[in-house]
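Undergrad: This is the structure I want to talk about, given as structure tokens.
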Amino acid sequence: MKYLKIVVVSFFALFAIFACSNSKAKDGIVIADSKSYEASLFRQKCAICHGSEAEGKEIEGKFVPSLRRPEVAQKSEQEIYNQIYNGGNGMLPFKGQLTEKEIRLLVKLVKEDLQTTGAEASRLQTP
């Protein structure tokens, strides 16, 4: 009986640790669930074109790319920063709307937090 109690308590302890662990899953964060400032910025400034979970979408016949694709992770932080700051290739510039710190937070979000692995990454490779 003593061992059963230890097993049950251990199970619940492990479950609690797992449930409270980092919200970044193997397929990147869930933007809608994130309370981070950068996720809030994304919802306000980026989701309208890139989709609520940065999965990309079509607007007026043009495909806006997913920010979870592997090729995005391969871009340098400076390339991502320049894209957000200056815009281009169909994207509007955010240089007058976001501070330096806010752009850097979005770069981190795109470069690190949104990146996917495994099956999800291969699914996102085709538009």
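Labels used: A, B, ... for chains in the order of the structure tokens, numbers from 1 for residues in each chain, and numbers from 1 for ligands as shown.
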Any idea what's packed within 10 Å of region 92-100 of chain A, counting only C-alpha atoms, ignoring anything in its chain fewer than 5 positions away? Could you give it as a list of chain:residue names?
TA: A:Leu41, A:Lys45, A:Tyr81, A:Asn82, A:Gln83, A:Ile84, A:Tyr85, A:Asn86, A:Gly87, A:Leu105, A:Leu106
Undergrad: How about saving the chosen residues, N, CA, C and O atoms kept, as a PDB file, in the first residue's frame?
TA:
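Contents of part-v5.pdb, freshly written:
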```pdb
ATOM      1  N   LEU A  41       1.694  41.722 -29.548  1.00  0.00           N
ATOM      2  CA  LEU A  41       2.056  42.548 -30.715  1.00  0.00           C
ATOM      3  C   LEU A  41       1.703  41.835 -32.011  1.00  0.00           C
ATOM      4  O   LEU A  41       1.172  42.449 -32.939  1.00  0.00           O
ATOM      5  N   LYS A  45      -0.630  43.439 -34.824  1.00  0.00           N
ATOM      6  CA  LYS A  45      -0.006  43.998 -36.019  1.00  0.00           C
ATOM      7  C   LYS A  45       0.184  43.008 -37.168  1.00  0.00           C
ATOM      8  O   LYS A  45       0.240  43.410 -38.321  1.00  0.00           O
ATOM      9  N   TYR A  81      14.502  41.432 -39.151  1.00  0.00           N
ATOM     10  CA  TYR A  81      14.347  42.802 -38.653  1.00  0.00           C
ATOM     11  C   TYR A  81      14.089  43.760 -39.821  1.00  0.00           C
ATOM     12  O   TYR A  81      13.159  44.572 -39.773  1.00  0.00           O
ATOM     13  N   ASN A  82      14.922  43.670 -40.858  1.00  0.00           N
ATOM     14  CA  ASN A  82      14.775  44.560 -42.015  1.00  0.00           C
ATOM     15  C   ASN A  82      13.422  44.386 -42.687  1.00  0.00           C
ATOM     16  O   ASN A  82      12.821  45.363 -43.140  1.00  0.00           O
ATOM     17  N   GLN A  83      12.925  43.161 -42.770  1.00  0.00           N
ATOM     18  CA  GLN A  83      11.614  42.911 -43.381  1.00  0.00           C
ATOM     19  C   GLN A  83      10.510  43.594 -42.581  1.00  0.00           C
ATOM     20  O   GLN A  83       9.620  44.230 -43.148  1.00  0.00           O
ATOM     21  N   ILE A  84      10.581  43.475 -41.261  1.00  0.00           N
ATOM     22  CA  ILE A  84       9.565  44.117 -40.423  1.00  0.00           C
ATOM     23  C   ILE A  84       9.707  45.637 -40.501  1.00  0.00           C
ATOM     24  O   ILE A  84       8.717  46.354 -40.680  1.00  0.00           O
ATOM     25  N   TYR A  85      10.915  46.134 -40.392  1.00  0.00           N
ATOM     26  CA  TYR A  85      11.170  47.573 -40.352  1.00  0.00           C
ATOM     27  C   TYR A  85      10.838  48.248 -41.685  1.00  0.00           C
ATOM     28  O   TYR A  85      10.117  49.236 -41.730  1.00  0.00           O
ATOM     29  N   ASN A  86      11.379  47.702 -42.777  1.00  0.00           N
ATOM     30  CA  ASN A  86      11.243  48.337 -44.092  1.00  0.00           C
ATOM     31  C   ASN A  86      10.085  47.809 -44.929  1.00  0.00           C
ATOM     32  O   ASN A  86       9.707  48.430 -45.920  1.00  0.00           O
ATOM     33  N   GLY A  87       9.566  46.639 -44.590  1.00  0.00           N
ATOM     34  CA  GLY A  87       8.525  46.033 -45.408  1.00  0.00           C
ATOM     35  C   GLY A  87       9.110  45.551 -46.722  1.00  0.00           C
ATOM     36  O   GLY A  87      10.290  45.236 -46.821  1.00  0.00           O
ATOM     37  N   LEU A 105      11.568  42.126 -30.379  1.00  0.00           N
ATOM     38  CA  LEU A 105      10.730  41.084 -29.771  1.00  0.00           C
ATOM     39  C   LEU A 105      10.023  40.255 -30.840  1.00  0.00           C
ATOM     40  O   LEU A 105       9.925  39.030 -30.725  1.00  0.00           O
ATOM     41  N   LEU A 106       9.541  40.912 -31.893  1.00  0.00           N
ATOM     42  CA  LEU A 106       8.895  40.176 -32.976  1.00  0.00           C
ATOM     43  C   LEU A 106       9.900  39.310 -33.734  1.00  0.00           C
ATOM     44  O   LEU A 106       9.566  38.202 -34.160  1.00  0.00           O
TER      45      LEU A 106
END
```
Undergrad: Which polymer residues have any atom within 12 Å of an atom of Tyr37 (chain A), counting only C-alpha atoms, with same-chain residues fewer than 5 positions away left out, as a PyMOL selection string?
TA: chain A and resi 31-32+42-44+101-106+108-109
Undergrad: If we count only C-alpha atoms and set the cut-off at 12 Å, which residues sit around region 56-58 of chain A, ignoring sequence neighbours fewer than 3 positions away in its own chain? Please answer as a ChimeraX atom specification.
TA: /A:46-53,61-69,124-127
Undergrad: For the selection you just gave me, I'd like the residues written to a file as an mmCIF file, in the first residue's frame, keeping C-alpha atoms.
TA:
```
data_model
loop_
_atom_site.group_PDB
_atom_site.id
_atom_site.type_symbol
_atom_site.label_atom_id
_atom_site.label_comp_id
_atom_site.auth_asym_id
_atom_site.auth_seq_id
_atom_site.Cartn_x
_atom_site.Cartn_y
_atom_site.Cartn_z
ATOM 1 C CA CYS A 46 0.759 40.776 -37.897
ATOM 2 C CA ALA A 47 -2.136 38.336 -37.576
ATOM 3 C CA ILE A 48 -4.344 40.259 -39.992
ATOM 4 C CA CYS A 49 -2.056 39.201 -42.859
ATOM 5 C CA HIS A 50 -0.063 36.224 -41.554
ATOM 6 C CA GLY A 51 -3.008 34.494 -39.830
ATOM 7 C CA SER A 52 -3.870 34.170 -36.162
ATOM 8 C CA GLU A 53 -1.245 31.468 -35.631
ATOM 9 C CA GLY A 61 -5.368 36.214 -54.524
ATOM 10 C CA LYS A 62 -1.877 36.609 -53.034
ATOM 11 C CA PHE A 63 -0.394 34.138 -50.583
ATOM 12 C CA VAL A 64 1.014 35.659 -47.400
ATOM 13 C CA PRO A 65 3.655 33.192 -46.163
ATOM 14 C CA SER A 66 3.581 31.202 -42.977
ATOM 15 C CA LEU A 67 6.136 32.420 -40.455
ATOM 16 C CA ARG A 68 6.435 28.870 -39.132
ATOM 17 C CA ARG A 69 8.145 27.542 -42.263
ATOM 18 C CA LEU A 124 3.987 23.979 -44.149
ATOM 19 C CA GLN A 125 6.592 23.726 -46.908
ATOM 20 C CA THR A 126 3.978 23.698 -49.620
ATOM 21 C CA PRO A 127 1.800 26.830 -50.001
#
```
Undergrad: Just the number, please: distance in Å from CA of Met91 (chain A) to CA of Gln115 (chain A), one decimal.
TA: 20.4 Å
Undergrad: In Å, how far is it from CA of Glu77 (chain A) to CA of Asp113 (chain A)?
TA: 13.1 Å
Undergrad: Go through region 26-115 of chain A and collect every residue that DSSP, computed from the backbone, puts in strand (DSSP E or B); the answer should be as number ranges by chain.
TA: A: 28, 57-59, 62-64, 88, 91
Undergrad: One decimal, Å: what's the distance from CA of Val72 (chain A) over to CA of Glu112 (chain A), could you say?
TA: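 Those two atoms sit 10.0 Å apart.
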